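To keep things clear, I will list the structure first and then write my remarks on it.
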Amino acid sequence: MTKRAVLLTLSALAVAALQTGCGDKALTYQANIKPILEANCVSCHVPGGAGYEKSGLRLDSHEAIMKGTRFGAVVVPGSSVSSTLYRLVSGQADPSIRMPHGSASLPDADVATIAAWIDQGAKN
């Protein structure tokens, strides 16, 4: 595991602990994840977009993200480390398929938020 992956995992765990352990509202797709995906991912992952055409993955709704790709699920509720979405945005996948493809990496805080959302059960 790379140093960056370890830091991201620790960040995700810290965010999850803060979100669930301090009485704060749990993370949701609508409030916390959708804005990240709309700013960085949705333009390619909707019908007609390159990401959608290659994988079948839509990221414009909770239902679509939970459906996954034509190859299978990308989110395993409760386990960011088992979720392809997290591995792709955290830099744990092969650089040729790192997401967002052809753009700068997501900020570490956004990656940690995605991980914490998944770890909390990937609620809408």
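Naming works like this for the structure tokens: A, B, ... for the chains as they're shown, residue 1 at the start of each chain, ligands 1 onward in shown order.
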
### Task
Excluding Pro47 (chain A) and any residue of its chain fewer than 5 positions from it, enumerate the residues within 12 Å of it, using only C-alpha atoms, and give them as a VMD selection string.
chain A and resid 42 52 to 60 64

### Atom pair CA of His101 (chain A) / CA of Gly51 (chain A): separation (Å)
8.6 Å

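Compared by their closest atoms to Arg87 (chain A), and using only C-alpha atoms, the residues A:Ala73, A:Ala115, A:Ala104, A:Leu37 rank with A:Ala115 nearest.
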
### Query
Can you list, as a PyMOL selection string, every protein, DNA or RNA residue that comes within 8 Å of Asp108 (chain A) when you count only C-alpha atoms, leaving out same-chain residues fewer than 2 positions away?
chain A and resi 8+90+106+110-112

Counting only C-alpha atoms, which residues in region 36-70 of chain A sit no more than 10 Å from region 120-123 of chain A? For each one, give the nearest pair of atoms and the distance in Å, sorted by chain then residue number, as a tab-separated table.
```
residue	atom	partner	partner_atom	distance
A:His62	CA	A:Lys123	CA	8.2
A:Ile65	CA	A:Ala122	CA	9.8
A:Met66	CA	A:Ala122	CA	8.5
```

Contacts of Ile118 (chain A) at 10 Å or less, counting only C-alpha atoms, minus same-chain residues fewer than 3 places along, as a short mmCIF file (atom, residue, chain, number, x, y, z; two decimals) with all heavy atoms, in the first residue's frame?
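Saved as result.cif:
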```cif
data_model
loop_
_atom_site.label_atom_id
_atom_site.label_comp_id
_atom_site.auth_asym_id
_atom_site.auth_seq_id
_atom_site.Cartn_x
_atom_site.Cartn_y
_atom_site.Cartn_z
N ALA A 12 -10.08 8.90 5.60
CA ALA A 12 -11.45 8.41 5.48
C ALA A 12 -11.97 7.91 6.82
O ALA A 12 -13.11 8.18 7.21
CB ALA A 12 -11.54 7.30 4.43
N ALA A 16 -15.08 9.45 8.89
CA ALA A 16 -16.18 8.58 9.31
C ALA A 16 -16.38 8.66 10.82
O ALA A 16 -17.51 8.74 11.30
CB ALA A 16 -15.91 7.14 8.89
N LEU A 27 -23.28 11.17 6.38
CA LEU A 27 -23.10 11.60 4.99
C LEU A 27 -24.16 10.95 4.10
O LEU A 27 -24.53 9.80 4.31
CB LEU A 27 -21.71 11.19 4.50
CG LEU A 27 -20.54 11.81 5.25
CD1 LEU A 27 -19.24 11.15 4.81
CD2 LEU A 27 -20.47 13.31 5.02
N THR A 28 -24.62 11.70 3.10
CA THR A 28 -25.57 11.17 2.14
C THR A 28 -25.12 11.48 0.73
O THR A 28 -24.34 12.41 0.51
CB THR A 28 -26.99 11.76 2.33
OG1 THR A 28 -26.96 13.16 2.03
CG2 THR A 28 -27.51 11.54 3.75
N TYR A 29 -25.64 10.70 -0.20
CA TYR A 29 -25.34 10.96 -1.62
C TYR A 29 -25.78 12.36 -2.00
O TYR A 29 -25.01 13.13 -2.58
CB TYR A 29 -26.03 9.91 -2.51
CG TYR A 29 -25.88 10.23 -3.98
CD1 TYR A 29 -24.74 9.87 -4.67
CD2 TYR A 29 -26.87 10.94 -4.65
CE1 TYR A 29 -24.59 10.20 -6.01
CE2 TYR A 29 -26.72 11.27 -5.99
CZ TYR A 29 -25.58 10.90 -6.67
OH TYR A 29 -25.42 11.24 -7.98
N ILE A 33 -22.12 13.70 -1.63
CA ILE A 33 -21.43 13.02 -2.73
C ILE A 33 -21.81 13.59 -4.09
O ILE A 33 -20.95 13.81 -4.94
CB ILE A 33 -21.70 11.50 -2.67
CG1 ILE A 33 -21.28 10.93 -1.32
CG2 ILE A 33 -20.99 10.77 -3.81
CD1 ILE A 33 -19.85 11.25 -0.88
N VAL A 75 -19.78 0.29 -5.79
CA VAL A 75 -19.88 0.66 -4.39
C VAL A 75 -20.33 -0.57 -3.60
O VAL A 75 -21.35 -1.18 -3.94
CB VAL A 75 -20.87 1.82 -4.18
CG1 VAL A 75 -21.12 2.07 -2.70
CG2 VAL A 75 -20.38 3.09 -4.87
N VAL A 76 -19.57 -0.90 -2.57
CA VAL A 76 -19.94 -1.95 -1.64
C VAL A 76 -20.27 -1.24 -0.32
O VAL A 76 -19.36 -0.84 0.41
CB VAL A 76 -18.79 -2.96 -1.43
CG1 VAL A 76 -19.18 -4.02 -0.41
CG2 VAL A 76 -18.37 -3.59 -2.75
N PRO A 77 -21.56 -1.00 -0.06
CA PRO A 77 -21.93 -0.26 1.14
C PRO A 77 -21.29 -0.85 2.39
O PRO A 77 -21.33 -2.05 2.61
CB PRO A 77 -23.46 -0.37 1.19
CG PRO A 77 -23.85 -0.56 -0.25
CD PRO A 77 -22.75 -1.42 -0.83
N GLY A 78 -20.64 0.03 3.15
CA GLY A 78 -19.98 -0.40 4.38
C GLY A 78 -18.50 -0.71 4.21
O GLY A 78 -17.80 -0.94 5.19
N SER A 79 -18.00 -0.72 2.97
CA SER A 79 -16.59 -1.07 2.75
C SER A 79 -15.97 -0.28 1.61
O SER A 79 -16.00 -0.72 0.46
CB SER A 79 -16.46 -2.57 2.47
OG SER A 79 -15.10 -2.91 2.27
N SER A 80 -15.39 0.86 1.94
CA SER A 80 -14.74 1.65 0.89
C SER A 80 -13.57 0.88 0.27
O SER A 80 -13.38 0.96 -0.94
CB SER A 80 -14.25 2.99 1.45
OG SER A 80 -13.32 2.82 2.49
N VAL A 81 -12.83 0.14 1.06
CA VAL A 81 -11.67 -0.57 0.53
C VAL A 81 -12.07 -1.68 -0.45
O VAL A 81 -11.24 -2.10 -1.26
CB VAL A 81 -10.74 -1.13 1.63
CG1 VAL A 81 -10.16 0.01 2.45
CG2 VAL A 81 -11.46 -2.12 2.52
N SER A 82 -13.32 -2.12 -0.41
CA SER A 82 -13.81 -3.12 -1.35
C SER A 82 -14.53 -2.48 -2.54
O SER A 82 -14.97 -3.19 -3.44
CB SER A 82 -14.78 -4.07 -0.66
OG SER A 82 -14.16 -4.75 0.40
N SER A 83 -14.63 -1.15 -2.54
CA SER A 83 -15.40 -0.44 -3.56
C SER A 83 -14.51 0.09 -4.67
O SER A 83 -13.57 0.84 -4.42
CB SER A 83 -16.16 0.72 -2.92
OG SER A 83 -17.11 0.23 -2.00
N LEU A 85 -15.19 2.30 -6.89
CA LEU A 85 -15.25 3.76 -6.97
C LEU A 85 -14.16 4.38 -6.10
O LEU A 85 -13.40 5.23 -6.57
CB LEU A 85 -16.62 4.28 -6.54
CG LEU A 85 -16.75 5.80 -6.49
CD1 LEU A 85 -16.68 6.39 -7.90
CD2 LEU A 85 -18.04 6.21 -5.81
N TYR A 86 -14.04 3.96 -4.87
CA TYR A 86 -13.02 4.49 -3.98
C TYR A 86 -11.61 4.20 -4.51
O TYR A 86 -10.75 5.09 -4.52
CB TYR A 86 -13.18 3.94 -2.56
CG TYR A 86 -12.04 4.34 -1.66
CD1 TYR A 86 -11.91 5.65 -1.22
CD2 TYR A 86 -11.07 3.42 -1.29
CE1 TYR A 86 -10.84 6.03 -0.42
CE2 TYR A 86 -10.01 3.78 -0.48
CZ TYR A 86 -9.89 5.09 -0.05
OH TYR A 86 -8.83 5.47 0.73
N ALA A 112 -11.70 11.37 0.87
CA ALA A 112 -12.03 10.93 2.22
C ALA A 112 -13.53 10.97 2.46
O ALA A 112 -14.09 10.08 3.12
CB ALA A 112 -11.29 11.79 3.25
N THR A 113 -14.21 11.96 1.91
CA THR A 113 -15.67 12.05 2.05
C THR A 113 -16.35 10.88 1.34
O THR A 113 -17.27 10.27 1.88
CB THR A 113 -16.19 13.40 1.50
OG1 THR A 113 -15.61 14.46 2.27
CG2 THR A 113 -17.70 13.48 1.57
N ILE A 114 -15.88 10.57 0.14
CA ILE A 114 -16.44 9.43 -0.60
C ILE A 114 -16.23 8.13 0.20
O ILE A 114 -17.14 7.33 0.34
CB ILE A 114 -15.84 9.34 -2.01
CG1 ILE A 114 -16.35 10.51 -2.86
CG2 ILE A 114 -16.15 7.99 -2.67
CD1 ILE A 114 -15.62 10.69 -4.19
N ALA A 115 -15.03 7.96 0.72
CA ALA A 115 -14.74 6.75 1.51
C ALA A 115 -15.63 6.68 2.74
O ALA A 115 -16.19 5.62 3.05
CB ALA A 115 -13.27 6.74 1.92
N GLY A 121 -22.38 3.25 4.74
CA GLY A 121 -23.46 2.50 4.13
C GLY A 121 -23.97 3.06 2.81
O GLY A 121 -24.93 2.55 2.25
N ALA A 122 -23.33 4.12 2.30
CA ALA A 122 -23.67 4.70 0.98
C ALA A 122 -25.15 5.05 0.86
O ALA A 122 -25.82 4.70 -0.10
CB ALA A 122 -23.23 3.76 -0.14
N LYS A 123 -25.64 5.78 1.83
CA LYS A 123 -27.06 6.17 1.85
C LYS A 123 -27.35 7.28 0.86
O LYS A 123 -26.51 8.09 0.54
CB LYS A 123 -27.47 6.63 3.25
CG LYS A 123 -27.27 5.60 4.32
CD LYS A 123 -28.18 4.41 4.16
CE LYS A 123 -28.00 3.44 5.31
NZ LYS A 123 -28.46 2.14 5.03
#
```

### Task
Extract, using only C-alpha atoms, all DNA, RNA and protein residues at most 10 Å from Ala31 (chain A), discarding same-chain residues fewer than 5 positions from it, and format them as a PyMOL selection string.
chain A and resi 26+36+124

Run DSSP on the backbone and tell me which residues of chain A come out as helix (DSSP H, G or I); list them as a compact mmCIF listing (two decimals) with N, CA, C and O atoms, in the first residue's frame.
```txt
# COMPACT_ATOMS: atom_id res chain seq x y z
N LYS A 3 2.10 5.24 0.40
CA LYS A 3 1.94 6.22 1.48
C LYS A 3 0.66 7.02 1.28
O LYS A 3 -0.08 7.27 2.23
N ARG A 4 0.37 7.41 0.03
CA ARG A 4 -0.84 8.18 -0.26
C ARG A 4 -2.09 7.36 0.08
O ARG A 4 -3.04 7.87 0.66
N ALA A 5 -2.08 6.08 -0.27
CA ALA A 5 -3.23 5.22 0.02
C ALA A 5 -3.44 5.09 1.52
O ALA A 5 -4.57 5.13 2.01
N VAL A 6 -2.35 4.96 2.28
CA VAL A 6 -2.45 4.86 3.73
C VAL A 6 -3.03 6.16 4.30
O VAL A 6 -3.93 6.14 5.14
N LEU A 7 -2.52 7.30 3.81
CA LEU A 7 -3.03 8.58 4.29
C LEU A 7 -4.50 8.77 3.95
O LEU A 7 -5.28 9.27 4.77
N LEU A 8 -4.89 8.38 2.74
CA LEU A 8 -6.29 8.51 2.35
C LEU A 8 -7.18 7.61 3.20
O LEU A 8 -8.27 8.02 3.61
N THR A 9 -6.73 6.40 3.47
CA THR A 9 -7.51 5.49 4.29
C THR A 9 -7.66 6.04 5.70
O THR A 9 -8.76 6.04 6.27
N LEU A 10 -6.56 6.56 6.26
CA LEU A 10 -6.64 7.15 7.59
C LEU A 10 -7.54 8.38 7.60
O LEU A 10 -8.31 8.57 8.54
N SER A 11 -7.47 9.18 6.54
CA SER A 11 -8.34 10.35 6.44
C SER A 11 -9.80 9.92 6.38
O SER A 11 -10.67 10.53 7.02
N ALA A 12 -10.08 8.90 5.60
CA ALA A 12 -11.45 8.41 5.48
C ALA A 12 -11.97 7.91 6.82
O ALA A 12 -13.11 8.18 7.21
N LEU A 13 -11.13 7.20 7.53
CA LEU A 13 -11.55 6.70 8.84
C LEU A 13 -11.78 7.85 9.81
O LEU A 13 -12.72 7.82 10.60
N ALA A 14 -10.95 8.88 9.74
CA ALA A 14 -11.13 10.04 10.61
C ALA A 14 -12.43 10.76 10.30
O ALA A 14 -13.18 11.14 11.20
N VAL A 15 -12.72 10.94 9.01
CA VAL A 15 -13.97 11.60 8.62
C VAL A 15 -15.15 10.76 9.08
O VAL A 15 -16.13 11.28 9.63
N ALA A 16 -15.08 9.45 8.89
CA ALA A 16 -16.18 8.58 9.31
C ALA A 16 -16.38 8.66 10.82
O ALA A 16 -17.51 8.74 11.30
N ALA A 17 -15.29 8.68 11.57
CA ALA A 17 -15.40 8.77 13.02
C ALA A 17 -16.03 10.10 13.43
O ALA A 17 -16.88 10.15 14.32
N LEU A 18 -15.60 11.16 12.79
CA LEU A 18 -16.17 12.47 13.10
C LEU A 18 -17.64 12.54 12.75
O LEU A 18 -18.44 13.10 13.49
N GLN A 19 -18.00 11.97 11.60
CA GLN A 19 -19.38 12.06 11.14
C GLN A 19 -20.32 11.20 11.97
O GLN A 19 -21.47 11.56 12.15
N THR A 20 -19.86 10.07 12.44
CA THR A 20 -20.75 9.17 13.15
C THR A 20 -20.57 9.22 14.67
O THR A 20 -21.51 8.95 15.40
N GLY A 21 -19.41 9.58 15.13
CA GLY A 21 -19.14 9.52 16.55
C GLY A 21 -19.42 10.79 17.31
O GLY A 21 -19.46 10.79 18.53
N TYR A 29 -25.64 10.70 -0.20
CA TYR A 29 -25.34 10.96 -1.62
C TYR A 29 -25.78 12.36 -2.00
O TYR A 29 -25.01 13.13 -2.58
N GLN A 30 -27.03 12.70 -1.69
CA GLN A 30 -27.60 13.98 -2.12
C GLN A 30 -26.82 15.17 -1.57
O GLN A 30 -26.52 16.11 -2.31
N ALA A 31 -26.51 15.16 -0.29
CA ALA A 31 -25.90 16.32 0.34
C ALA A 31 -24.39 16.39 0.17
O ALA A 31 -23.83 17.47 0.02
N ASN A 32 -23.72 15.23 0.17
CA ASN A 32 -22.27 15.23 0.24
C ASN A 32 -21.55 14.69 -0.99
O ASN A 32 -20.46 15.17 -1.33
N ILE A 33 -22.12 13.70 -1.63
CA ILE A 33 -21.43 13.02 -2.73
C ILE A 33 -21.81 13.59 -4.09
O ILE A 33 -20.95 13.81 -4.94
N LYS A 34 -23.08 13.85 -4.29
CA LYS A 34 -23.54 14.37 -5.57
C LYS A 34 -22.79 15.63 -5.99
O LYS A 34 -22.36 15.73 -7.15
N PRO A 35 -22.57 16.61 -5.09
CA PRO A 35 -21.81 17.80 -5.50
C PRO A 35 -20.38 17.49 -5.98
O PRO A 35 -19.90 18.09 -6.93
N ILE A 36 -19.73 16.54 -5.32
CA ILE A 36 -18.37 16.15 -5.74
C ILE A 36 -18.42 15.53 -7.12
O ILE A 36 -17.62 15.87 -8.01
N LEU A 37 -19.36 14.60 -7.32
CA LEU A 37 -19.46 13.91 -8.61
C LEU A 37 -19.88 14.86 -9.72
O LEU A 37 -19.36 14.77 -10.84
N GLU A 38 -20.80 15.77 -9.43
CA GLU A 38 -21.23 16.73 -10.45
C GLU A 38 -20.08 17.62 -10.90
O GLU A 38 -19.95 17.94 -12.07
N ALA A 39 -19.23 18.01 -9.97
CA ALA A 39 -18.11 18.89 -10.30
C ALA A 39 -16.98 18.18 -11.03
O ALA A 39 -16.23 18.82 -11.78
N ASN A 40 -16.87 16.86 -10.86
CA ASN A 40 -15.69 16.17 -11.37
C ASN A 40 -15.94 14.98 -12.28
O ASN A 40 -15.02 14.57 -13.00
N ALA A 50 -18.07 9.81 -22.45
CA ALA A 50 -17.07 8.76 -22.70
C ALA A 50 -17.03 7.71 -21.60
O ALA A 50 -16.93 6.51 -21.89
N GLY A 51 -17.10 8.12 -20.35
CA GLY A 51 -17.07 7.17 -19.24
C GLY A 51 -18.27 6.24 -19.24
O GLY A 51 -18.14 5.05 -18.96
N TYR A 52 -19.41 6.79 -19.56
CA TYR A 52 -20.62 5.97 -19.62
C TYR A 52 -20.54 5.00 -20.79
O TYR A 52 -20.87 3.82 -20.65
N GLU A 53 -20.09 5.48 -21.93
CA GLU A 53 -20.02 4.62 -23.12
C GLU A 53 -19.05 3.46 -22.91
O GLU A 53 -19.31 2.36 -23.38
N LYS A 54 -17.95 3.69 -22.20
CA LYS A 54 -16.96 2.63 -21.97
C LYS A 54 -17.38 1.64 -20.90
O LYS A 54 -17.10 0.45 -21.00
N SER A 55 -18.04 2.13 -19.84
CA SER A 55 -18.29 1.26 -18.70
C SER A 55 -19.77 1.02 -18.39
O SER A 55 -20.10 0.08 -17.69
N HIS A 62 -28.24 8.48 -7.17
CA HIS A 62 -27.88 7.43 -6.21
C HIS A 62 -28.22 6.05 -6.79
O HIS A 62 -27.42 5.12 -6.69
N GLU A 63 -29.39 5.95 -7.40
CA GLU A 63 -29.80 4.67 -7.99
C GLU A 63 -28.79 4.20 -9.03
O GLU A 63 -28.42 3.03 -9.06
N ALA A 64 -28.33 5.12 -9.86
CA ALA A 64 -27.39 4.76 -10.93
C ALA A 64 -26.04 4.33 -10.37
O ALA A 64 -25.47 3.33 -10.82
N ILE A 65 -25.53 5.06 -9.39
CA ILE A 65 -24.22 4.70 -8.83
C ILE A 65 -24.29 3.35 -8.12
O ILE A 65 -23.36 2.56 -8.19
N MET A 66 -25.41 3.07 -7.48
CA MET A 66 -25.55 1.80 -6.80
C MET A 66 -25.74 0.64 -7.79
O MET A 66 -25.39 -0.50 -7.48
N LYS A 67 -26.26 0.94 -8.97
CA LYS A 67 -26.39 -0.08 -10.01
C LYS A 67 -25.01 -0.51 -10.51
O LYS A 67 -24.80 -1.68 -10.80
N SER A 80 -15.39 0.86 1.94
CA SER A 80 -14.74 1.65 0.89
C SER A 80 -13.57 0.88 0.27
O SER A 80 -13.38 0.96 -0.94
N VAL A 81 -12.83 0.14 1.06
CA VAL A 81 -11.67 -0.57 0.53
C VAL A 81 -12.07 -1.68 -0.45
O VAL A 81 -11.24 -2.10 -1.26
N SER A 82 -13.32 -2.12 -0.41
CA SER A 82 -13.81 -3.12 -1.35
C SER A 82 -14.53 -2.48 -2.54
O SER A 82 -14.97 -3.19 -3.44
N THR A 84 -14.84 -0.31 -5.88
CA THR A 84 -14.08 0.13 -7.05
C THR A 84 -14.07 1.65 -7.17
O THR A 84 -13.04 2.24 -7.51
N LEU A 85 -15.19 2.30 -6.89
CA LEU A 85 -15.25 3.76 -6.97
C LEU A 85 -14.16 4.38 -6.10
O LEU A 85 -13.40 5.23 -6.57
N TYR A 86 -14.04 3.96 -4.87
CA TYR A 86 -13.02 4.49 -3.98
C TYR A 86 -11.61 4.20 -4.51
O TYR A 86 -10.75 5.09 -4.52
N ARG A 87 -11.37 2.99 -4.96
CA ARG A 87 -10.04 2.64 -5.45
C ARG A 87 -9.67 3.48 -6.67
O ARG A 87 -8.52 3.88 -6.84
N LEU A 88 -10.65 3.78 -7.52
CA LEU A 88 -10.37 4.58 -8.72
C LEU A 88 -10.07 6.04 -8.39
O LEU A 88 -9.20 6.65 -8.99
N VAL A 89 -10.80 6.63 -7.45
CA VAL A 89 -10.58 8.04 -7.14
C VAL A 89 -9.46 8.27 -6.14
O VAL A 89 -8.95 9.38 -6.03
N PRO A 95 -2.77 3.56 -12.97
CA PRO A 95 -2.87 4.95 -13.40
C PRO A 95 -3.64 5.15 -14.71
O PRO A 95 -4.24 6.21 -14.91
N SER A 96 -3.68 4.15 -15.56
CA SER A 96 -4.39 4.29 -16.83
C SER A 96 -5.90 4.35 -16.65
O SER A 96 -6.61 4.81 -17.55
N ILE A 97 -6.41 3.91 -15.49
CA ILE A 97 -7.85 3.96 -15.25
C ILE A 97 -8.20 4.81 -14.02
O ILE A 97 -9.33 4.80 -13.56
N ASP A 108 -7.86 15.38 -1.59
CA ASP A 108 -7.88 14.33 -0.57
C ASP A 108 -9.14 14.40 0.29
O ASP A 108 -9.68 13.37 0.69
N ALA A 109 -9.61 15.60 0.58
CA ALA A 109 -10.82 15.74 1.40
C ALA A 109 -12.03 15.14 0.70
O ALA A 109 -12.88 14.51 1.35
N ASP A 110 -12.13 15.31 -0.62
CA ASP A 110 -13.25 14.72 -1.37
C ASP A 110 -13.14 13.20 -1.39
O ASP A 110 -14.15 12.50 -1.25
N VAL A 111 -11.93 12.70 -1.57
CA VAL A 111 -11.73 11.25 -1.56
C VAL A 111 -12.09 10.68 -0.19
O VAL A 111 -12.77 9.65 -0.09
N ALA A 112 -11.70 11.37 0.87
CA ALA A 112 -12.03 10.93 2.22
C ALA A 112 -13.53 10.97 2.46
O ALA A 112 -14.09 10.08 3.12
N THR A 113 -14.21 11.96 1.91
CA THR A 113 -15.67 12.05 2.05
C THR A 113 -16.35 10.88 1.34
O THR A 113 -17.27 10.27 1.88
N ILE A 114 -15.88 10.57 0.14
CA ILE A 114 -16.44 9.43 -0.60
C ILE A 114 -16.23 8.13 0.20
O ILE A 114 -17.14 7.33 0.34
N ALA A 115 -15.03 7.96 0.72
CA ALA A 115 -14.74 6.75 1.51
C ALA A 115 -15.63 6.68 2.74
O ALA A 115 -16.19 5.62 3.05
N ALA A 116 -15.77 7.79 3.44
CA ALA A 116 -16.59 7.80 4.66
C ALA A 116 -18.05 7.52 4.33
O ALA A 116 -18.73 6.77 5.04
N TRP A 117 -18.55 8.09 3.22
CA TRP A 117 -19.93 7.83 2.78
C TRP A 117 -20.15 6.35 2.52
O TRP A 117 -21.13 5.75 2.98
N ILE A 118 -19.21 5.74 1.81
CA ILE A 118 -19.32 4.30 1.52
C ILE A 118 -19.28 3.51 2.83
O ILE A 118 -20.09 2.62 3.06
N ASP A 119 -18.32 3.85 3.70
CA ASP A 119 -18.17 3.13 4.97
C ASP A 119 -19.40 3.27 5.87
O ASP A 119 -19.71 2.37 6.64
```

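The spacing separating CA of Pro107 (chain A) from CA of Gly72 (chain A) amounts to 26.1 Å.
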